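J.: Structure supplied as structure.cif; contents: mmCIF, C-alpha atoms, pLDDT in the B column; chains and numbers go by the auth columns.
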data_input
loop_
_atom_site.group_PDB
_atom_site.id
_atom_site.type_symbol
_atom_site.label_atom_id
_atom_site.label_comp_id
_atom_site.label_asym_id
_atom_site.label_seq_id
_atom_site.Cartn_x
_atom_site.Cartn_y
_atom_site.Cartn_z
_atom_site.B_iso_or_equiv
_atom_site.auth_seq_id
_atom_site.auth_asym_id
ATOM 1 C CA MET A 1 0.000 0.000 0.000 72.00 1034 A
ATOM 2 C CA ASP A 2 1.510 3.309 -1.139 79.00 1035 A
ATOM 3 C CA ARG A 3 0.957 6.465 0.909 86.00 1036 A
ATOM 4 C CA ASN A 4 3.864 8.496 -0.404 87.00 1037 A
ATOM 5 C CA ILE A 5 2.326 11.739 -1.642 92.00 1038 A
ATOM 6 C CA ARG A 6 4.049 14.507 0.293 93.00 1039 A
ATOM 7 C CA THR A 7 4.988 17.315 -2.115 96.00 1040 A
ATOM 8 C CA VAL A 8 3.525 19.159 -5.081 95.00 1041 A
ATOM 9 C CA GLU A 9 5.962 17.307 -7.344 94.00 1042 A
ATOM 10 C CA ASP A 10 4.641 14.001 -5.975 95.00 1043 A
ATOM 11 C CA VAL A 11 1.146 15.080 -7.024 96.00 1044 A
ATOM 12 C CA LEU A 12 2.337 16.164 -10.468 97.00 1045 A
ATOM 13 C CA LYS A 13 4.043 12.828 -11.060 95.00 1046 A
ATOM 14 C CA LEU A 14 0.898 11.026 -9.904 95.00 1047 A
ATOM 15 C CA LEU A 15 -1.088 12.981 -12.505 97.00 1048 A
ATOM 16 C CA ASP A 16 1.533 12.169 -15.161 97.00 1049 A
ATOM 17 C CA GLY A 17 0.767 8.516 -14.495 95.00 1050 A
ATOM 18 C CA LEU A 18 -2.940 8.919 -15.284 96.00 1051 A
ATOM 19 C CA PHE A 19 -2.076 9.189 -18.968 96.00 1052 A
ATOM 20 C CA ALA A 20 -1.514 6.187 -21.197 94.00 1053 A
ATOM 21 C CA PRO A 21 2.213 5.530 -21.695 94.00 1054 A
ATOM 22 C CA GLU A 22 1.880 6.001 -25.463 94.00 1055 A
ATOM 23 C CA ALA A 23 0.413 9.490 -24.872 95.00 1056 A
ATOM 24 C CA ASP A 24 3.491 10.768 -23.048 95.00 1057 A
ATOM 25 C CA ARG A 25 5.193 13.662 -24.840 95.00 1058 A
ATOM 26 C CA TRP A 26 6.568 15.560 -21.839 96.00 1059 A
ATOM 27 C CA THR A 27 8.534 13.253 -19.492 95.00 1060 A
ATOM 28 C CA ASP A 28 11.777 11.385 -20.096 94.00 1061 A
ATOM 29 C CA ASP A 29 9.679 8.352 -21.040 94.00 1062 A
ATOM 30 C CA GLY A 30 8.270 10.371 -23.946 95.00 1063 A
ATOM 31 C CA ALA A 31 11.703 10.799 -25.522 96.00 1064 A
ATOM 32 C CA SER A 32 11.361 7.646 -27.620 96.00 1065 A
ATOM 33 C CA TRP A 33 8.211 8.983 -29.318 96.00 1066 A
ATOM 34 C CA TRP A 34 10.033 12.179 -30.278 97.00 1067 A
ATOM 35 C CA ASP A 35 13.036 10.158 -31.448 97.00 1068 A
ATOM 36 C CA GLY A 36 10.732 8.349 -33.865 96.00 1069 A
ATOM 37 C CA PHE A 37 9.249 11.644 -35.001 96.00 1070 A
ATOM 38 C CA TYR A 38 12.661 13.143 -35.816 96.00 1071 A
ATOM 39 C CA ALA A 39 14.247 9.949 -37.209 95.00 1072 A
ATOM 40 C CA ASP A 40 13.342 10.590 -40.865 95.00 1073 A
ATOM 41 C CA ARG A 41 14.727 14.005 -41.767 94.00 1074 A
ATOM 42 C CA SER A 42 13.216 13.824 -45.245 93.00 1075 A
ATOM 43 C CA LYS A 43 9.619 13.971 -43.973 90.00 1076 A
ATOM 44 C CA PRO A 44 7.711 17.016 -45.304 91.00 1077 A
ATOM 45 C CA VAL A 45 7.400 18.617 -41.868 90.00 1078 A
ATOM 46 C CA PRO A 46 7.484 22.427 -42.196 87.00 1079 A
ATOM 47 C CA PHE A 47 9.567 22.999 -39.079 88.00 1080 A
ATOM 48 C CA PHE A 48 12.215 20.460 -40.087 92.00 1081 A
ATOM 49 C CA VAL A 49 13.543 23.137 -42.437 91.00 1082 A
ATOM 50 C CA PRO A 50 16.125 25.357 -40.687 93.00 1083 A
ATOM 51 C CA LYS A 51 14.040 28.525 -40.774 96.00 1084 A
ATOM 52 C CA PRO A 52 13.458 30.747 -37.729 98.00 1085 A
ATOM 53 C CA ASP A 53 9.948 31.672 -36.631 98.00 1086 A
ATOM 54 C CA GLU A 54 8.712 34.844 -38.292 98.00 1087 A
ATOM 55 C CA ASN A 55 7.630 36.302 -34.950 98.00 1088 A
ATOM 56 C CA LEU A 56 11.103 35.801 -33.452 98.00 1089 A
ATOM 57 C CA VAL A 57 12.678 37.635 -36.390 98.00 1090 A
ATOM 58 C CA SER A 58 10.073 40.369 -35.991 98.00 1091 A
ATOM 59 C CA TYR A 59 10.745 40.836 -32.261 98.00 1092 A
ATOM 60 C CA VAL A 60 14.443 41.414 -32.876 97.00 1093 A
ATOM 61 C CA GLY A 61 13.853 43.559 -35.962 97.00 1094 A
ATOM 62 C CA ARG A 62 11.537 45.880 -34.053 98.00 1095 A
ATOM 63 C CA GLY A 63 13.832 46.108 -31.045 97.00 1096 A
ATOM 64 C CA LEU A 64 11.383 44.346 -28.704 98.00 1097 A
ATOM 65 C CA ILE A 65 14.128 41.969 -27.575 98.00 1098 A
ATOM 66 C CA ALA A 66 17.907 42.340 -27.719 97.00 1099 A
ATOM 67 C CA PRO A 67 20.771 39.839 -27.526 97.00 1100 A
ATOM 68 C CA GLY A 68 21.400 38.379 -24.088 98.00 1101 A
ATOM 69 C CA ARG A 69 21.099 34.962 -22.472 98.00 1102 A
ATOM 70 C CA ALA A 70 18.464 32.741 -24.120 98.00 1103 A
ATOM 71 C CA LEU A 71 16.876 29.371 -23.361 98.00 1104 A
ATOM 72 C CA ASP A 72 15.150 27.509 -26.218 98.00 1105 A
ATOM 73 C CA LEU A 73 12.579 25.073 -24.775 98.00 1106 A
ATOM 74 C CA GLY A 74 11.739 22.033 -26.912 97.00 1107 A
ATOM 75 C CA CYS A 75 14.368 23.150 -29.391 97.00 1108 A
ATOM 76 C CA GLY A 76 14.016 20.187 -31.782 97.00 1109 A
ATOM 77 C CA PRO A 77 16.787 20.337 -34.425 97.00 1110 A
ATOM 78 C CA GLY A 78 17.693 23.840 -33.292 97.00 1111 A
ATOM 79 C CA ARG A 79 16.335 26.123 -36.004 97.00 1112 A
ATOM 80 C CA ASN A 80 15.459 28.976 -33.615 98.00 1113 A
ATOM 81 C CA ALA A 81 18.491 28.371 -31.401 98.00 1114 A
ATOM 82 C CA LEU A 82 20.713 28.764 -34.464 98.00 1115 A
ATOM 83 C CA HIS A 83 19.057 32.058 -35.352 98.00 1116 A
ATOM 84 C CA LEU A 84 19.445 33.378 -31.811 98.00 1117 A
ATOM 85 C CA ALA A 85 23.110 32.395 -31.742 98.00 1118 A
ATOM 86 C CA ALA A 86 23.677 34.131 -35.088 97.00 1119 A
ATOM 87 C CA LEU A 87 22.228 37.316 -33.586 97.00 1120 A
ATOM 88 C CA GLY A 88 24.668 37.213 -30.687 97.00 1121 A
ATOM 89 C CA PHE A 89 22.552 35.519 -28.022 98.00 1122 A
ATOM 90 C CA ASP A 90 24.251 33.166 -25.545 97.00 1123 A
ATOM 91 C CA VAL A 91 22.028 30.096 -26.067 98.00 1124 A
ATOM 92 C CA ASP A 92 21.059 27.016 -24.087 98.00 1125 A
ATOM 93 C CA ALA A 93 18.750 24.656 -26.008 98.00 1126 A
ATOM 94 C CA VAL A 94 16.787 21.794 -24.440 98.00 1127 A
ATOM 95 C CA ASP A 95 14.876 18.854 -25.869 98.00 1128 A
ATOM 96 C CA LEU A 96 13.733 15.425 -24.670 97.00 1129 A
ATOM 97 C CA SER A 97 14.853 13.699 -27.858 97.00 1130 A
ATOM 98 C CA PRO A 98 18.477 12.557 -28.294 97.00 1131 A
ATOM 99 C CA THR A 99 17.789 12.351 -32.042 98.00 1132 A
ATOM 100 C CA ALA A 100 16.685 15.982 -32.192 97.00 1133 A
ATOM 101 C CA ILE A 101 19.636 17.108 -30.085 98.00 1134 A
ATOM 102 C CA ALA A 102 22.112 15.245 -32.318 98.00 1135 A
ATOM 103 C CA TRP A 103 20.573 16.889 -35.393 98.00 1136 A
ATOM 104 C CA GLY A 104 20.766 20.314 -33.754 98.00 1137 A
ATOM 105 C CA GLU A 105 24.394 19.787 -32.762 98.00 1138 A
ATOM 106 C CA GLU A 106 25.198 18.772 -36.333 97.00 1139 A
ATOM 107 C CA ARG A 107 23.584 21.942 -37.678 97.00 1140 A
ATOM 108 C CA ALA A 108 25.443 24.063 -35.134 98.00 1141 A
ATOM 109 C CA ARG A 109 28.796 22.563 -36.138 98.00 1142 A
ATOM 110 C CA GLU A 110 28.049 23.217 -39.806 97.00 1143 A
ATOM 111 C CA ALA A 111 27.119 26.826 -39.020 96.00 1144 A
ATOM 112 C CA GLY A 112 30.025 27.379 -36.644 97.00 1145 A
ATOM 113 C CA ALA A 113 27.524 28.315 -33.933 97.00 1146 A
ATOM 114 C CA GLU A 114 28.210 27.968 -30.218 97.00 1147 A
ATOM 115 C CA ILE A 115 25.065 26.551 -28.627 98.00 1148 A
ATOM 116 C CA ARG A 116 24.868 24.473 -25.457 97.00 1149 A
ATOM 117 C CA PHE A 117 22.458 21.635 -26.209 98.00 1150 A
ATOM 118 C CA HIS A 118 20.944 19.719 -23.284 97.00 1151 A
ATOM 119 C CA ARG A 119 19.070 16.438 -23.562 97.00 1152 A
ATOM 120 C CA GLY A 120 16.408 16.020 -20.922 96.00 1153 A
ATOM 121 C CA ASN A 121 13.330 17.287 -19.136 94.00 1154 A
ATOM 122 C CA ALA A 122 13.547 21.077 -18.915 94.00 1155 A
ATOM 123 C CA PHE A 123 11.680 21.149 -15.599 93.00 1156 A
ATOM 124 C CA GLU A 124 14.313 18.961 -13.981 92.00 1157 A
ATOM 125 C CA LEU A 125 17.258 20.532 -15.797 93.00 1158 A
ATOM 126 C CA ALA A 126 16.198 24.007 -14.663 87.00 1159 A
ATOM 127 C CA ALA A 127 16.996 23.019 -11.083 83.00 1160 A
ATOM 128 C CA THR A 128 20.297 21.297 -11.820 87.00 1161 A
ATOM 129 C CA THR A 129 21.960 22.088 -15.155 89.00 1162 A
ATOM 130 C CA LEU A 130 20.585 25.250 -16.732 90.00 1163 A
ATOM 131 C CA SER A 131 22.387 28.297 -15.410 77.00 1164 A
ATOM 132 C CA GLY A 132 19.843 31.071 -15.686 83.00 1165 A
ATOM 133 C CA PRO A 133 18.564 33.666 -15.289 96.00 1166 A
ATOM 134 C CA TYR A 134 17.707 34.125 -18.958 98.00 1167 A
ATOM 135 C CA ASP A 135 16.811 37.346 -20.719 98.00 1168 A
ATOM 136 C CA LEU A 136 14.721 35.338 -23.193 98.00 1169 A
ATOM 137 C CA ILE A 137 12.945 32.008 -22.852 98.00 1170 A
ATOM 138 C CA TYR A 138 11.776 30.929 -26.286 98.00 1171 A
ATOM 139 C CA ASP A 139 9.156 28.201 -26.721 98.00 1172 A
ATOM 140 C CA SER A 140 8.031 27.240 -30.196 98.00 1173 A
ATOM 141 C CA GLY A 141 5.647 24.310 -29.830 96.00 1174 A
ATOM 142 C CA CYS A 142 6.530 22.889 -26.410 97.00 1175 A
ATOM 143 C CA PHE A 143 3.792 24.394 -24.214 98.00 1176 A
ATOM 144 C CA HIS A 144 0.848 22.903 -26.139 98.00 1177 A
ATOM 145 C CA HIS A 145 2.213 19.372 -25.627 97.00 1178 A
ATOM 146 C CA LEU A 146 2.014 19.668 -21.838 98.00 1179 A
ATOM 147 C CA PRO A 147 -0.923 18.244 -19.857 98.00 1180 A
ATOM 148 C CA PRO A 148 -2.841 20.813 -17.782 98.00 1181 A
ATOM 149 C CA HIS A 149 -1.141 20.014 -14.470 98.00 1182 A
ATOM 150 C CA ARG A 150 2.322 20.610 -15.945 98.00 1183 A
ATOM 151 C CA ARG A 151 1.482 24.282 -16.427 98.00 1184 A
ATOM 152 C CA ILE A 152 2.399 24.479 -12.745 98.00 1185 A
ATOM 153 C CA SER A 153 5.872 23.173 -13.584 97.00 1186 A
ATOM 154 C CA TYR A 154 6.108 25.564 -16.523 97.00 1187 A
ATOM 155 C CA LEU A 155 5.259 28.609 -14.417 97.00 1188 A
ATOM 156 C CA ALA A 156 7.721 27.449 -11.757 96.00 1189 A
ATOM 157 C CA LEU A 157 10.433 27.213 -14.433 96.00 1190 A
ATOM 158 C CA LEU A 158 9.677 30.803 -15.486 97.00 1191 A
ATOM 159 C CA GLU A 159 9.815 31.952 -11.877 95.00 1192 A
ATOM 160 C CA ARG A 160 13.186 30.275 -11.408 94.00 1193 A
ATOM 161 C CA ALA A 161 14.852 30.921 -14.760 96.00 1194 A
ATOM 162 C CA LEU A 162 13.442 34.105 -16.344 97.00 1195 A
ATOM 163 C CA ALA A 163 15.314 37.257 -15.385 97.00 1196 A
ATOM 164 C CA PRO A 164 13.413 40.299 -14.079 97.00 1197 A
ATOM 165 C CA GLY A 165 12.622 42.337 -17.181 97.00 1198 A
ATOM 166 C CA GLY A 166 13.203 39.249 -19.334 98.00 1199 A
ATOM 167 C CA HIS A 167 10.820 37.944 -21.974 98.00 1200 A
ATOM 168 C CA LEU A 168 8.925 34.744 -22.623 98.00 1201 A
ATOM 169 C CA ALA A 169 8.215 34.287 -26.335 98.00 1202 A
ATOM 170 C CA LEU A 170 5.639 31.568 -26.901 98.00 1203 A
ATOM 171 C CA THR A 171 4.213 29.885 -29.995 98.00 1204 A
ATOM 172 C CA CYS A 172 1.333 27.446 -29.457 98.00 1205 A
ATOM 173 C CA PHE A 173 -1.825 25.975 -30.993 98.00 1206 A
ATOM 174 C CA ALA A 174 -4.694 28.434 -31.377 98.00 1207 A
ATOM 175 C CA ALA A 175 -8.292 27.434 -30.737 98.00 1208 A
ATOM 176 C CA GLY A 176 -10.130 27.226 -34.035 97.00 1209 A
ATOM 177 C CA GLY A 177 -6.879 26.526 -35.866 96.00 1210 A
ATOM 178 C CA MET A 178 -5.259 23.388 -34.485 97.00 1211 A
ATOM 179 C CA GLY A 179 -5.274 21.343 -31.286 98.00 1212 A
ATOM 180 C CA SER A 180 -7.890 19.907 -28.971 98.00 1213 A
ATOM 181 C CA GLU A 181 -10.463 22.232 -27.414 98.00 1214 A
ATOM 182 C CA ILE A 182 -11.946 19.825 -24.856 98.00 1215 A
ATOM 183 C CA PRO A 183 -11.963 21.002 -21.195 98.00 1216 A
ATOM 184 C CA ASP A 184 -8.853 20.331 -19.124 98.00 1217 A
ATOM 185 C CA GLU A 185 -10.483 17.605 -17.028 97.00 1218 A
ATOM 186 C CA GLU A 186 -11.441 15.611 -20.119 97.00 1219 A
ATOM 187 C CA PHE A 187 -7.801 14.952 -20.991 97.00 1220 A
ATOM 188 C CA TYR A 188 -7.521 12.865 -17.826 97.00 1221 A
ATOM 189 C CA ARG A 189 -10.627 10.874 -18.740 96.00 1222 A
ATOM 190 C CA GLU A 190 -9.243 10.378 -22.249 94.00 1223 A
ATOM 191 C CA ALA A 191 -5.765 9.508 -20.847 96.00 1224 A
ATOM 192 C CA GLY A 192 -4.231 11.408 -23.774 96.00 1225 A
ATOM 193 C CA LEU A 193 -3.723 14.894 -25.185 97.00 1226 A
ATOM 194 C CA GLN A 194 -5.302 14.352 -28.629 95.00 1227 A
ATOM 195 C CA GLY A 195 -2.238 15.725 -30.405 95.00 1228 A
ATOM 196 C CA GLY A 196 -1.899 18.874 -28.302 98.00 1229 A
ATOM 197 C CA LEU A 197 -3.945 21.514 -26.512 98.00 1230 A
ATOM 198 C CA ALA A 198 -5.488 24.524 -28.228 98.00 1231 A
ATOM 199 C CA TYR A 199 -5.589 27.840 -26.389 98.00 1232 A
ATOM 200 C CA THR A 200 -7.649 31.012 -26.655 98.00 1233 A
ATOM 201 C CA ALA A 201 -6.160 34.449 -26.173 98.00 1234 A
ATOM 202 C CA GLU A 202 -8.110 34.724 -22.920 98.00 1235 A
ATOM 203 C CA SER A 203 -6.740 31.456 -21.560 98.00 1236 A
ATOM 204 C CA LEU A 204 -3.159 32.452 -22.350 98.00 1237 A
ATOM 205 C CA ARG A 205 -3.646 35.800 -20.645 98.00 1238 A
ATOM 206 C CA ALA A 206 -5.069 34.071 -17.566 98.00 1239 A
ATOM 207 C CA ILE A 207 -2.288 31.471 -17.347 98.00 1240 A
ATOM 208 C CA PHE A 208 0.472 34.054 -17.749 98.00 1241 A
ATOM 209 C CA SER A 209 -1.234 36.817 -15.774 98.00 1242 A
ATOM 210 C CA ASP A 210 1.935 37.507 -13.762 97.00 1243 A
ATOM 211 C CA LEU A 211 3.694 38.592 -16.964 98.00 1244 A
ATOM 212 C CA THR A 212 3.110 41.790 -18.931 98.00 1245 A
ATOM 213 C CA GLU A 213 1.748 41.330 -22.437 98.00 1246 A
ATOM 214 C CA VAL A 214 3.887 42.989 -25.098 98.00 1247 A
ATOM 215 C CA GLU A 215 2.200 41.366 -28.085 98.00 1248 A
ATOM 216 C CA LEU A 216 -0.272 38.556 -28.694 98.00 1249 A
ATOM 217 C CA ARG A 217 -1.232 37.746 -32.274 98.00 1250 A
ATOM 218 C CA MET A 218 -1.645 34.949 -34.763 98.00 1251 A
ATOM 219 C CA MET A 219 1.497 33.792 -36.523 98.00 1252 A
ATOM 220 C CA ARG A 220 1.766 35.075 -40.059 98.00 1253 A
ATOM 221 C CA ASP A 221 1.450 32.545 -42.863 97.00 1254 A
ATOM 222 C CA GLU A 222 4.767 32.234 -44.669 97.00 1255 A
ATOM 223 C CA PRO A 223 4.956 30.699 -48.170 95.00 1256 A
ATOM 224 C CA ALA A 224 7.120 27.641 -48.784 91.00 1257 A
ATOM 225 C CA ASP A 225 9.839 29.726 -50.437 94.00 1258 A
ATOM 226 C CA SER A 226 10.062 32.169 -47.527 96.00 1259 A
ATOM 227 C CA ALA A 227 13.217 32.304 -45.412 97.00 1260 A
ATOM 228 C CA LEU A 228 10.974 32.294 -42.337 98.00 1261 A
ATOM 229 C CA PHE A 229 8.655 29.737 -40.713 97.00 1262 A
ATOM 230 C CA GLY A 230 5.039 30.778 -40.258 97.00 1263 A
ATOM 231 C CA GLU A 231 1.772 28.873 -39.885 97.00 1264 A
ATOM 232 C CA PRO A 232 -1.551 30.683 -39.332 97.00 1265 A
ATOM 233 C CA PHE A 233 -2.937 28.142 -36.812 97.00 1266 A
ATOM 234 C CA LEU A 234 -0.482 29.251 -34.111 98.00 1267 A
ATOM 235 C CA TRP A 235 -0.531 31.963 -31.493 98.00 1268 A
ATOM 236 C CA THR A 236 2.588 34.033 -30.989 98.00 1269 A
ATOM 237 C CA ALA A 237 2.968 35.788 -27.644 98.00 1270 A
ATOM 238 C CA LEU A 238 5.696 38.026 -26.278 98.00 1271 A
ATOM 239 C CA LEU A 239 5.414 38.510 -22.513 98.00 1272 A
ATOM 240 C CA ARG A 240 7.716 40.388 -20.143 98.00 1273 A
ATOM 241 C CA ARG A 241 8.481 39.604 -16.533 98.00 1274 A
ATOM 242 C CA PRO A 242 8.196 42.725 -14.406 97.00 1275 A
ATOM 243 C CA THR A 243 11.412 44.123 -13.000 92.00 1276 A
ATOM 244 C CA ALA A 244 11.951 43.895 -9.262 72.00 1277 A
ATOM 245 C CA SER A 245 10.519 46.845 -7.379 51.00 1278 A
#
Would you write the structure of this file as structure tokens?

T.:
Amino acid sequence: MDRNIRTVEDVLKLLDGLFAPEADRWTDDGASWWDGFYADRSKPVPFFVPKPDENLVSYVGRGLIAPGRALDLGCGPGRNALHLAALGFDVDAVDLSPTAIAWGEERAREAGAEIRFHRGNAFELAATTLSGPYDLIYDSGCFHHLPPHRRISYLALLERALAPGGHLALTCFAAGGMGSEIPDEEFYREAGLQGGLAYTAESLRAIFSDLTEVELRMMRDEPADSALFGEPFLWTALLRRPTAS
């Protein structure tokens, strides 16, 4: 008989276990699924191409963010990490998948870019390996693959790792565009995430209410021959942590 729930993390891990093993995309056990996803580099996946997100390019171009220390969450093969490094950011990049990390490291070597790639769970690495605080935490497609209870872990990571005055830049599924729109509690009854969670502008503002909204808009659609990545079913959000009083 187990009676070992004592901390918030114990509760979060208990909730992780309510999902079917094959639905896991966010713990170390989910790494094998992502390895399979990234194994075939020839697949026609838009974000396999080494193009930076159009919103990230826009933020820098308009002077909304400036080079500093950056953390790329769920970096995949490193397309945004490479762009940040080219702009002069000091970059840490994290992903669950060893296959994705190896691909990103290969791209960085070819580009002559200095990026510190880390394989593992960002929530755990934030307490042990990642040496914040970061001026920018960039998340292109990680947040919408988290179950509802792991938003607690995500907000705790921001509290620990995002510098006062620093920015969170987030790209995630938009309701009406892509992703599941069922209520949070239904994901636990389904024991899966149905490919990812969709968010409304109101829900994002509520979740990140401790941050100041700089911009929240739909990602611009970029044609196949564009040098930038852009899909119109995604939100892009730039949020700033208040400076210490």

J.: When you look at Arg1058 in chain A with a cut-off of 12 Å (counting all atoms listed in the file), what residues show up, excluding the ones that are within fewer than 2 positions of it in the same chain? I need them as a compact mmCIF listing (two decimals) with C-alpha atoms, in the frame of the given file.

T.:
# COMPACT_ATOMS: atom_id res chain seq x y z
CA ASP A 1049 1.53 12.17 -15.16
CA PHE A 1052 -2.08 9.19 -18.97
CA ALA A 1053 -1.51 6.19 -21.20
CA PRO A 1054 2.21 5.53 -21.70
CA GLU A 1055 1.88 6.00 -25.46
CA ALA A 1056 0.41 9.49 -24.87
CA THR A 1060 8.53 13.25 -19.49
CA ASP A 1061 11.78 11.38 -20.10
CA ASP A 1062 9.68 8.35 -21.04
CA GLY A 1063 8.27 10.37 -23.95
CA ALA A 1064 11.70 10.80 -25.52
CA SER A 1065 11.36 7.65 -27.62
CA TRP A 1066 8.21 8.98 -29.32
CA TRP A 1067 10.03 12.18 -30.28
CA ASP A 1068 13.04 10.16 -31.45
CA GLY A 1069 10.73 8.35 -33.86
CA PHE A 1070 9.25 11.64 -35.00
CA GLY A 1107 11.74 22.03 -26.91
CA ASP A 1128 14.88 18.85 -25.87
CA LEU A 1129 13.73 15.42 -24.67
CA SER A 1130 14.85 13.70 -27.86
CA ASN A 1154 13.33 17.29 -19.14
CA GLY A 1174 5.65 24.31 -29.83
CA CYS A 1175 6.53 22.89 -26.41
CA PHE A 1176 3.79 24.39 -24.21
CA HIS A 1177 0.85 22.90 -26.14
CA HIS A 1178 2.21 19.37 -25.63
CA LEU A 1179 2.01 19.67 -21.84
CA PRO A 1180 -0.92 18.24 -19.86
CA ARG A 1183 2.32 20.61 -15.94
CA GLY A 1225 -4.23 11.41 -23.77
CA LEU A 1226 -3.72 14.89 -25.18
CA GLN A 1227 -5.30 14.35 -28.63
CA GLY A 1228 -2.24 15.72 -30.40
CA GLY A 1229 -1.90 18.87 -28.30

J.: So how far away is CA of Tyr1187 in chain A from CA of Leu1244 in chain A, in Å?

T.: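 Distance between the two atoms: 13.3 Å.
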
J.: From the list A:Tyr1221, A:Phe1266, A:Phe1206, A:Tyr1171, which residue is nearest Ile1098 in chain A when using only C-alpha atoms?

T.: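 For Ile1098 in chain A, the nearest of the candidates is A:Tyr1171.
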
J.: Determine the residue membership of the PyMOL selection byres ((chain A and resi 1136-1150) around 7) for the file above and supply it as number ranges by chain.

T.: A: 1110-1111, 1115, 1118, 1124-1127, 1132-1135, 1151-1152

J.: Neighbouring residues of Asp1243 in chain A were defined as those with any atom within 10 Å, considering all atoms listed in the file; residues of the same chain fewer than 2 positions away were excluded. Please report them as a PyMOL selection string.

T.: chain A and resi 1188+1192+1238-1241+1245-1246+1272-1275

J.: To verify the selection step, state as a count of residues only which residues the PyMOL selection byres ((chain A and resi 1197-1204) around 10) yields on this input.

T.: 55

J.: Please, could N, CA, C and O atoms be added to range 1237-1249 of chain A and the result written as a short mmCIF file (atom, residue, chain, number, x, y, z; two decimals), in the frame of the given file?

T.:
data_model
loop_
_atom_site.label_atom_id
_atom_site.label_comp_id
_atom_site.auth_asym_id
_atom_site.auth_seq_id
_atom_site.Cartn_x
_atom_site.Cartn_y
_atom_site.Cartn_z
N LEU A 1237 -4.58 32.13 -22.47
CA LEU A 1237 -3.16 32.45 -22.35
C LEU A 1237 -2.94 33.64 -21.42
O LEU A 1237 -2.02 33.64 -20.59
N ARG A 1238 -3.79 34.64 -21.53
CA ARG A 1238 -3.65 35.80 -20.64
C ARG A 1238 -3.87 35.42 -19.19
O ARG A 1238 -3.20 35.94 -18.29
N ALA A 1239 -4.81 34.50 -18.94
CA ALA A 1239 -5.07 34.07 -17.57
C ALA A 1239 -3.91 33.25 -17.01
O ALA A 1239 -3.47 33.45 -15.87
N ILE A 1240 -3.39 32.32 -17.81
CA ILE A 1240 -2.29 31.47 -17.35
C ILE A 1240 -1.05 32.29 -17.04
O ILE A 1240 -0.37 32.08 -16.03
N PHE A 1241 -0.75 33.26 -17.90
CA PHE A 1241 0.47 34.05 -17.75
C PHE A 1241 0.17 35.45 -17.20
O PHE A 1241 0.83 36.43 -17.57
N SER A 1242 -0.78 35.52 -16.29
CA SER A 1242 -1.23 36.82 -15.77
C SER A 1242 -0.16 37.55 -14.96
O SER A 1242 -0.27 38.77 -14.76
N ASP A 1243 0.86 36.84 -14.50
CA ASP A 1243 1.94 37.51 -13.76
C ASP A 1243 2.94 38.19 -14.69
O ASP A 1243 3.84 38.90 -14.21
N LEU A 1244 2.81 37.97 -15.99
CA LEU A 1244 3.69 38.59 -16.96
C LEU A 1244 2.95 39.72 -17.69
O LEU A 1244 1.72 39.69 -17.80
N THR A 1245 3.69 40.66 -18.21
CA THR A 1245 3.11 41.79 -18.93
C THR A 1245 3.06 41.47 -20.42
O THR A 1245 4.08 41.10 -21.01
N GLU A 1246 1.89 41.61 -21.01
CA GLU A 1246 1.75 41.33 -22.44
C GLU A 1246 2.37 42.45 -23.27
O GLU A 1246 2.02 43.61 -23.14
N VAL A 1247 3.31 42.06 -24.13
CA VAL A 1247 3.89 42.99 -25.10
C VAL A 1247 3.15 42.86 -26.42
O VAL A 1247 2.80 43.86 -27.06
N GLU A 1248 2.90 41.61 -26.83
CA GLU A 1248 2.20 41.37 -28.08
C GLU A 1248 1.60 39.98 -28.04
O GLU A 1248 2.22 39.03 -27.56
N LEU A 1249 0.38 39.85 -28.54
CA LEU A 1249 -0.27 38.56 -28.69
C LEU A 1249 -1.04 38.59 -30.02
O LEU A 1249 -1.95 39.40 -30.18
#
